[in-house]
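*Asks:* Structure file data.txt (compact mmCIF, N, CA and C atoms) is given on the next line.
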```txt
# COMPACT_ATOMS: atom_id res chain seq x y z
N MET A 17 2.89 -6.92 0.31
CA MET A 17 3.16 -6.61 -1.07
C MET A 17 1.90 -6.03 -1.72
N GLU A 18 2.10 -5.09 -2.60
CA GLU A 18 1.00 -4.45 -3.31
C GLU A 18 0.76 -5.19 -4.63
N TYR A 19 -0.52 -5.48 -4.90
CA TYR A 19 -0.92 -6.17 -6.13
C TYR A 19 -2.05 -5.40 -6.79
N LYS A 20 -2.07 -5.38 -8.11
CA LYS A 20 -3.18 -4.79 -8.86
C LYS A 20 -4.18 -5.89 -9.17
N VAL A 21 -5.45 -5.60 -8.92
CA VAL A 21 -6.53 -6.55 -9.15
C VAL A 21 -7.54 -5.90 -10.09
N GLN A 22 -8.08 -6.69 -11.03
CA GLN A 22 -9.13 -6.19 -11.91
C GLN A 22 -10.46 -6.78 -11.46
N CYS A 23 -11.42 -5.90 -11.21
CA CYS A 23 -12.74 -6.33 -10.75
C CYS A 23 -13.45 -7.11 -11.85
N PRO A 24 -13.98 -8.31 -11.54
CA PRO A 24 -14.70 -9.10 -12.56
C PRO A 24 -16.09 -8.53 -12.87
N PHE A 25 -16.54 -7.54 -12.12
CA PHE A 25 -17.84 -6.92 -12.36
C PHE A 25 -17.70 -5.67 -13.24
N CYS A 26 -16.93 -4.68 -12.76
CA CYS A 26 -16.83 -3.40 -13.47
C CYS A 26 -15.58 -3.28 -14.31
N ARG A 27 -14.64 -4.23 -14.20
CA ARG A 27 -13.39 -4.30 -14.97
C ARG A 27 -12.38 -3.21 -14.61
N GLU A 28 -12.64 -2.44 -13.56
CA GLU A 28 -11.69 -1.42 -13.11
C GLU A 28 -10.57 -2.09 -12.31
N LYS A 29 -9.38 -1.48 -12.34
CA LYS A 29 -8.24 -2.00 -11.59
C LYS A 29 -8.00 -1.15 -10.36
N PHE A 30 -7.58 -1.83 -9.27
CA PHE A 30 -7.25 -1.14 -8.03
C PHE A 30 -6.22 -1.98 -7.28
N GLY A 31 -5.56 -1.39 -6.32
CA GLY A 31 -4.50 -2.07 -5.59
C GLY A 31 -4.97 -2.65 -4.27
N ILE A 32 -4.40 -3.81 -3.92
CA ILE A 32 -4.62 -4.42 -2.60
C ILE A 32 -3.26 -4.82 -2.05
N THR A 33 -3.19 -4.95 -0.74
CA THR A 33 -1.95 -5.37 -0.09
C THR A 33 -2.17 -6.74 0.53
N ILE A 34 -1.25 -7.66 0.25
CA ILE A 34 -1.30 -9.02 0.80
C ILE A 34 0.01 -9.27 1.53
N HIS A 35 -0.08 -9.78 2.76
CA HIS A 35 1.09 -10.01 3.59
C HIS A 35 1.37 -11.51 3.70
N LEU A 36 2.60 -11.91 3.46
CA LEU A 36 3.00 -13.31 3.59
C LEU A 36 2.84 -13.78 5.04
N GLU A 37 2.97 -12.87 6.00
CA GLU A 37 2.81 -13.23 7.42
C GLU A 37 1.42 -13.80 7.70
N ASP A 38 0.43 -13.50 6.85
CA ASP A 38 -0.93 -14.01 7.03
C ASP A 38 -1.11 -15.40 6.45
N GLY A 39 -0.06 -15.96 5.85
CA GLY A 39 -0.11 -17.32 5.33
C GLY A 39 0.28 -17.39 3.87
N ALA A 40 0.73 -18.57 3.45
CA ALA A 40 1.15 -18.78 2.07
C ALA A 40 -0.02 -19.13 1.16
N ASP A 41 -1.15 -19.51 1.74
CA ASP A 41 -2.36 -19.84 0.99
C ASP A 41 -3.53 -19.11 1.65
N GLN A 42 -4.02 -18.07 1.00
CA GLN A 42 -5.06 -17.23 1.60
C GLN A 42 -6.26 -17.13 0.67
N GLU A 43 -7.46 -17.14 1.25
CA GLU A 43 -8.70 -16.88 0.53
C GLU A 43 -9.48 -15.85 1.29
N PHE A 44 -9.96 -14.83 0.58
CA PHE A 44 -10.73 -13.80 1.25
C PHE A 44 -11.64 -13.09 0.26
N ILE A 45 -12.60 -12.35 0.80
CA ILE A 45 -13.52 -11.53 0.02
C ILE A 45 -13.08 -10.08 0.16
N TRP A 46 -13.00 -9.38 -0.96
CA TRP A 46 -12.62 -7.97 -0.98
C TRP A 46 -13.68 -7.22 -1.77
N ASP A 47 -14.26 -6.19 -1.21
CA ASP A 47 -15.23 -5.38 -1.95
C ASP A 47 -14.47 -4.47 -2.91
N CYS A 48 -14.89 -4.45 -4.16
CA CYS A 48 -14.26 -3.62 -5.18
C CYS A 48 -14.23 -2.17 -4.71
N ASP A 49 -13.08 -1.53 -4.86
CA ASP A 49 -12.93 -0.13 -4.46
C ASP A 49 -13.75 0.81 -5.33
N VAL A 50 -14.20 0.34 -6.51
CA VAL A 50 -14.93 1.20 -7.44
C VAL A 50 -16.44 0.93 -7.38
N CYS A 51 -16.86 -0.34 -7.58
CA CYS A 51 -18.29 -0.64 -7.66
C CYS A 51 -18.85 -1.33 -6.42
N CYS A 52 -18.00 -1.70 -5.47
CA CYS A 52 -18.36 -2.30 -4.18
C CYS A 52 -18.89 -3.74 -4.27
N HIS A 53 -18.85 -4.39 -5.43
CA HIS A 53 -19.25 -5.79 -5.52
C HIS A 53 -18.21 -6.65 -4.80
N PRO A 54 -18.63 -7.79 -4.22
CA PRO A 54 -17.68 -8.67 -3.53
C PRO A 54 -16.86 -9.49 -4.53
N ILE A 55 -15.57 -9.55 -4.27
CA ILE A 55 -14.64 -10.27 -5.15
C ILE A 55 -13.97 -11.37 -4.33
N ASP A 56 -14.01 -12.61 -4.84
CA ASP A 56 -13.27 -13.71 -4.22
C ASP A 56 -11.82 -13.62 -4.68
N ILE A 57 -10.89 -13.61 -3.73
CA ILE A 57 -9.47 -13.58 -4.05
C ILE A 57 -8.80 -14.76 -3.38
N HIS A 58 -8.06 -15.53 -4.16
CA HIS A 58 -7.29 -16.66 -3.65
C HIS A 58 -5.83 -16.36 -3.98
N ALA A 59 -5.01 -16.19 -2.95
CA ALA A 59 -3.59 -15.86 -3.11
C ALA A 59 -2.75 -17.05 -2.64
N ILE A 60 -1.86 -17.50 -3.52
CA ILE A 60 -0.96 -18.62 -3.21
C ILE A 60 0.47 -18.14 -3.40
N TRP A 61 1.30 -18.32 -2.38
CA TRP A 61 2.69 -17.87 -2.43
C TRP A 61 3.49 -18.75 -3.39
N ASN A 62 4.20 -18.12 -4.33
CA ASN A 62 5.06 -18.80 -5.28
C ASN A 62 6.50 -18.57 -4.82
N GLU A 63 7.07 -19.56 -4.18
CA GLU A 63 8.41 -19.43 -3.57
C GLU A 63 9.48 -19.12 -4.61
N SER A 64 9.40 -19.73 -5.78
CA SER A 64 10.44 -19.52 -6.80
C SER A 64 10.44 -18.10 -7.37
N HIS A 65 9.28 -17.43 -7.37
CA HIS A 65 9.19 -16.05 -7.88
C HIS A 65 9.10 -15.02 -6.74
N HIS A 66 8.99 -15.48 -5.52
CA HIS A 66 8.91 -14.62 -4.33
C HIS A 66 7.77 -13.61 -4.43
N LYS A 67 6.61 -14.10 -4.86
CA LYS A 67 5.40 -13.27 -4.91
C LYS A 67 4.19 -14.18 -4.91
N PHE A 68 3.01 -13.58 -4.68
CA PHE A 68 1.77 -14.34 -4.70
C PHE A 68 1.24 -14.48 -6.12
N SER A 69 0.63 -15.63 -6.40
CA SER A 69 -0.17 -15.82 -7.61
C SER A 69 -1.61 -15.63 -7.18
N LEU A 70 -2.37 -14.83 -7.93
CA LEU A 70 -3.74 -14.51 -7.55
C LEU A 70 -4.75 -15.10 -8.52
N ARG A 71 -5.85 -15.61 -7.95
CA ARG A 71 -7.04 -15.97 -8.71
C ARG A 71 -8.15 -15.06 -8.22
N VAL A 72 -8.83 -14.43 -9.16
CA VAL A 72 -9.86 -13.46 -8.81
C VAL A 72 -11.17 -13.89 -9.46
N GLY A 73 -12.26 -13.88 -8.69
CA GLY A 73 -13.56 -14.27 -9.22
C GLY A 73 -14.68 -13.48 -8.58
N ARG A 74 -15.87 -13.67 -9.11
CA ARG A 74 -17.04 -12.99 -8.55
C ARG A 74 -17.42 -13.61 -7.23
N GLY A 75 -17.61 -12.78 -6.24
CA GLY A 75 -18.02 -13.25 -4.92
C GLY A 75 -19.48 -13.62 -4.89
N ALA A 76 -19.85 -14.48 -3.99
CA ALA A 76 -21.25 -14.89 -3.83
C ALA A 76 -21.91 -14.03 -2.77
N GLY A 77 -23.21 -14.00 -2.79
CA GLY A 77 -23.95 -13.33 -1.74
C GLY A 77 -24.27 -11.88 -1.99
N TYR A 78 -24.03 -11.39 -3.19
CA TYR A 78 -24.37 -10.01 -3.48
C TYR A 78 -25.83 -9.89 -3.84
N ASP A 79 -26.57 -9.10 -3.10
CA ASP A 79 -27.98 -8.88 -3.37
C ASP A 79 -28.16 -7.46 -3.88
N GLU A 80 -28.57 -7.34 -5.13
CA GLU A 80 -28.78 -6.02 -5.70
C GLU A 80 -30.08 -5.47 -5.19
N MET A 81 -30.03 -4.27 -4.64
CA MET A 81 -31.20 -3.62 -4.08
C MET A 81 -31.50 -2.34 -4.85
N PRO A 82 -32.73 -2.15 -5.29
CA PRO A 82 -33.05 -0.91 -5.96
C PRO A 82 -33.00 0.27 -4.99
N ILE A 83 -32.56 1.38 -5.48
CA ILE A 83 -32.47 2.58 -4.64
C ILE A 83 -33.55 3.57 -5.06
```
Reformat the file's structure so that it appears as structure tokens.

*Replies:*
Amino acid sequence: MEYKVQCPFCREKFGITIHLEDGADQEFIWDCDVCCHPIDIHAIWNESHHKFSLRVGRGAGYDEMPI
């Protein structure tokens, strides 16, 4: 299923695909498609609505490096 996610760093929205075959309770890190910061995503399957509920937060471990 396709879901829209808003990056907690740059506030831009982009789409991700989550598959129920990968489990009803999933946690993963996704790099923002716009600013590349790591985003923590926790997806929990909601059986009554037949879709995932998402929690999105700032990922840990990002080291800003000057260019």

*Asks:* Please, what distance in Å, to one decimal, runs between CA of Gly39 in chain A and atom C of Gly73 in chain A?

*Replies:*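 Between CA of Gly39 in chain A and atom C of Gly73 in chain A the gap works out to 20.5 Å.
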
*Asks:* Show which residues sit within 7 Å of Ser69 in chain A, as a ChimeraX atom specification. Count only N, CA and C atoms, and ignore same-chain residues fewer than 5 positions away.

*Replies:* /A:58-62

*Asks:* Please report, as a count of residues only, each residue of chain A to which DSSP assigns strand (DSSP E) when run on this structure's backbone.

*Replies:* 34

*Asks:* As an exercise, work out the distance from CA of Asp47 in chain A to CA of Phe68 in chain A in Å and give it to one decimal place.

*Replies:*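 Distance reported for this atom pair: 19.4 Å.
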
*Asks:* I'd like to know which of A:Ile55, A:His66, A:Phe30, A:Cys48 is closest to Met17 in chain A, using only C-alpha atoms.

*Replies:*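 Counting only C-alpha atoms, the residue closest to Met17 in chain A is A:His66.
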
*Asks:* So which one's closest to Ile57 in chain A, A:Cys26, A:Val21, A:Ile45, A:Ala40? Using only N, CA and C atoms, please.

*Replies:*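 Ranking A:Cys26, A:Val21, A:Ile45, A:Ala40 by distance to Ile57 in chain A, first place goes to A:Ile45.
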
*Asks:* Excluding Cys23 in chain A and any residue of its chain fewer than 5 positions from it, enumerate the residues within 10 Å of it, using only C-alpha atoms, and give them as a ChimeraX atom specification.

*Replies:* /A:28-30,46-56,72-74

*Asks:* One number please: CA of His35 in chain A to atom N of Gln22 in chain A, in Å, one decimal.

*Replies:*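 That distance, rounded to one decimal, is 17.6 Å.
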
*Asks:* Go through A:Glu63, A:Arg71, A:Ala76, A:Tyr19 one by one, measure the shortest atom-to-atom distance of each to Gly31 in chain A using all atoms listed in the file, and give the residue with the smallest value.

*Replies:*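 The shortest atom-to-atom distance to Gly31 in chain A comes from A:Tyr19.
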